[in-house]
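*Asks:* Structure provided below as C-alpha cells; questions to follow.
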Amino acid sequence: MAACTSGVIGAFPTANARTTDELDQWLLAARESLRHQEDTGQLEGVICPNLIIRHPRLRDDLACVLRHGARMVITSVGSPAQVISPLHGIGCVVLADVASIAHAEKALRAGADGLVLLSAGAGGQTGSANGMAFVRAVRDFFDGPIVIAGGISDGWALWAARVLGCDLGYMGTRFIATEESRASEPYKRMLVDSTLDDVVLTRAFTGLDANMLRPSIEAAGLDLTQLEEQVTLEAAKAQFGGGQSNGAPKRWTDIWSAGHSVSGVARLQSVAALVEDIAEEFRLAREHCFTELLAERSN
C-alpha cells in the first residue's frame, strides 16, 4: 500500500497471502486506503494483483479479485486465456508476464491488453532475453502497453526504458529494501551490501532460472558448486519449498532473491522517499537527454 499512497502502481502476487481470506482482507484494506486518497485529493496510485495461473488457488483468488473490482491485474506463470474474459467483464486491464516472443504472441492472442517483458536480470524467477532486444522485438508487432521487468534500478534506467519504447518499468529489488517491506531486516541489509556480482543464476531452488543472492546461499550452508541444476519443479519444491522435514533451507525464506539492479540499492528508506528519488532521477535523466539533443542541434 505504501507504493499506492506514493502515487505509483503497487503490484503483488496474490499467492503471497496465506489464504484467499487473507487476500480478501488485503484488498479490502487497499480499497479503503485508495478511497481515502481520492477523498482527500491525494495523488492516487493503483493496486495491481498478480494472479499466478498455475497456482492451485487460482480460481478462488480470481473470484476474490473480481469481487473487489480490480482495475489492473498481472498474470504470470502460464497463459492468461482462462482469466481474460471474467477480468475484462469488470473493465480490468490485463497485463501478461512473458519471457519470450512466442509467449508474448500467445498472450496477445488470448486477449491480454499489455505485456510485462520478463528480461534477463530480474530478481527471482527471471527471463533470459536481453531487455533492450526484447522490447524492440515486441514493438515490431505490438503497439500496446509494454512494461519492462529486469534491471530497472533507478529513474535513469526508467527514462531509458521509456526512450526504448516501454510505457512502464517494473521495479522489485529496490523496493524490498524499504521500511514498509515485509522482508526480514537481514535480507534488507544484504541487499544494501550486495552488488550485481553477488547475484547467481540457478535452477536449483525453483526448477526454473532464478536470480538469487550468493551470500544468502552460502549463509544457508550450501555449496554453490554442488547445487543440482538439472532439477524439476517438483523436485525443487520438495527440497526447498518449505514444509519438508529434511532440514534444508527454504527458498524465499532462507535463500533470498535479487535482480541485477541490486547495485542500485544504497540504503534503507521509506517507499515515499524512494519514489521521490526515482522521480528526481527520472527528471535529471530527461533533462540530460534534452540538453544533449539541444547541444547537437546547435553544432
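Following the order of the C-alpha cells, chains are lettered A, B, ..., residues in each are numbered from 1, and ligands are numbered from 1.
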Show me, as a PyMOL selection string, the residues that have an atom within 9 Å of Ala236 of chain A when counting only C-alpha atoms, minus same-chain residues fewer than 5 positions from it.
*Replies:* chain A and resi 203-207+231+241
*Asks:* Export C-alpha atoms of the chosen residues as a short mmCIF file (atom, residue, chain, number, x, y, z; two decimals), in the first residue's frame?
*Replies:*
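Just written: result-v7.cif:
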```
data_model
loop_
_atom_site.label_atom_id
_atom_site.label_comp_id
_atom_site.auth_asym_id
_atom_site.auth_seq_id
_atom_site.Cartn_x
_atom_site.Cartn_y
_atom_site.Cartn_z
CA ARG A 203 17.57 -23.55 -11.28
CA ALA A 204 18.34 -25.39 -8.06
CA PHE A 205 15.69 -23.79 -5.88
CA THR A 206 12.69 -23.47 -8.22
CA GLY A 207 13.33 -25.71 -11.22
CA VAL A 231 16.08 -30.39 -11.35
CA GLY A 241 9.73 -25.40 -0.92
#
```
*Asks:* Would you pick out the contacts of Met132 of chain A at 9 Å or less, using only C-alpha atoms, so that residues sharing its chain but fewer than 2 positions from it are not included, and give the list as a PDB file with N, CA and C atoms, in the first residue's frame?
*Replies:*
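Writing the result to out-v1.pdb gives the following:
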```
ATOM      1  N   SER A 119      12.753  -9.910 -18.519  1.00  0.00           N
ATOM      2  CA  SER A 119      14.046  -9.999 -19.189  1.00  0.00           C
ATOM      3  C   SER A 119      15.128 -10.505 -18.253  1.00  0.00           C
ATOM      4  N   ALA A 129      16.164 -13.223 -22.078  1.00  0.00           N
ATOM      5  CA  ALA A 129      16.399 -12.289 -23.179  1.00  0.00           C
ATOM      6  C   ALA A 129      16.930 -10.954 -22.672  1.00  0.00           C
ATOM      7  N   ASN A 130      17.831 -10.359 -23.432  1.00  0.00           N
ATOM      8  CA  ASN A 130      18.283  -9.004 -23.156  1.00  0.00           C
ATOM      9  C   ASN A 130      17.085  -8.058 -23.233  1.00  0.00           C
ATOM     10  N   PHE A 134      14.580  -7.435 -26.372  1.00  0.00           N
ATOM     11  CA  PHE A 134      13.230  -7.960 -26.165  1.00  0.00           C
ATOM     12  C   PHE A 134      12.182  -6.885 -26.460  1.00  0.00           C
ATOM     13  N   VAL A 135      12.387  -5.694 -25.918  1.00  0.00           N
ATOM     14  CA  VAL A 135      11.429  -4.606 -26.133  1.00  0.00           C
ATOM     15  C   VAL A 135      11.310  -4.278 -27.613  1.00  0.00           C
ATOM     16  N   ARG A 136      12.429  -4.117 -28.287  1.00  0.00           N
ATOM     17  CA  ARG A 136      12.370  -3.737 -29.695  1.00  0.00           C
ATOM     18  C   ARG A 136      11.760  -4.843 -30.548  1.00  0.00           C
ATOM     19  N   ALA A 137      12.013  -6.097 -30.198  1.00  0.00           N
ATOM     20  CA  ALA A 137      11.420  -7.203 -30.950  1.00  0.00           C
ATOM     21  C   ALA A 137       9.907  -7.211 -30.802  1.00  0.00           C
ATOM     22  N   ALA A 161      14.173   3.209 -20.404  1.00  0.00           N
ATOM     23  CA  ALA A 161      13.118   2.278 -20.810  1.00  0.00           C
ATOM     24  C   ALA A 161      12.040   2.994 -21.610  1.00  0.00           C
ATOM     25  N   LEU A 164      13.304   3.639 -25.016  1.00  0.00           N
ATOM     26  CA  LEU A 164      13.367   2.365 -25.731  1.00  0.00           C
ATOM     27  C   LEU A 164      12.020   1.968 -26.327  1.00  0.00           C
TER      28      LEU A 164
END
```
*Asks:* If you measure from atom CA of Thr253 of chain A to atom CA of Val199 of chain A, what distance in Å do you get, rounded to one decimal?
*Replies:*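 Value for the atom CA of Thr253 of chain A-atom CA of Val199 of chain A distance: 16.7 Å.
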*Asks:* Name the residues of segment 99-272 of chain A that fall into helix (DSSP H, G or I) according to DSSP on the backbone, using the chain letters and numbers of this document, as a PyMOL selection string.
*Replies:* chain A and resi 101-110+131-139+155-164+173-176+185-193+196-198+214-219+224-226+233-240+260-264+271-272
*Asks:* For a quick check of understanding, using only C-alpha atoms, which of A:Ala177, A:Leu196, A:Leu227, A:Ala112 has the smallest distance to Gln269 of chain A?
*Replies:*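 The answer is A:Ala177, which sits nearest to Gln269 of chain A.
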*Asks:* Would you work out the distance separating atom CA of Gly127 of chain A from atom CA of Ala99 of chain A, expressed in Å to one decimal?
*Replies:*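 Separating atom CA of Gly127 of chain A from atom CA of Ala99 of chain A is a distance of 5.2 Å.
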*Asks:* Restricting the calculation to only C-alpha atoms: of A:Val275, A:Leu23, A:Leu284, A:Ala157, which residue gets closest to Ile9 of chain A?
*Replies:*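 Among the listed residues, A:Val275 lies closest to Ile9 of chain A.
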*Asks:* So, with only C-alpha atoms as the atoms that count, which of A:Ser270, A:Ser263, A:Arg297, A:Ile217 lies closest to Ala248 of chain A?
*Replies:*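 Ranking A:Ser270, A:Ser263, A:Arg297, A:Ile217 by distance to Ala248 of chain A, first place goes to A:Ile217.
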*Asks:* Residues of segment 40-144 of chain A in strand (DSSP E) according to DSSP, as a PyMOL selection string?
*Replies:* chain A and resi 46-52+72-76+93-98+114-118+124-125
*Asks:* Taking into account only C-alpha atoms, which residue in the set A:Ala160, A:Val65, A:Ala81, A:Ile47 is nearest to His288 of chain A?
*Replies:*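 Selected residue with least distance to His288 of chain A: A:Ala160.
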*Asks:* Would you mind listing what lies within 9 Å of Leu66 of chain A as a list in words, with only C-alpha atoms counted and same-chain residues fewer than 4 positions away left out?
*Replies:*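 With the cut-off at 9 Å, the set is Asp61, Leu62, Ala70, Pro86, Leu87, Ile90 and Cys92 of chain A.
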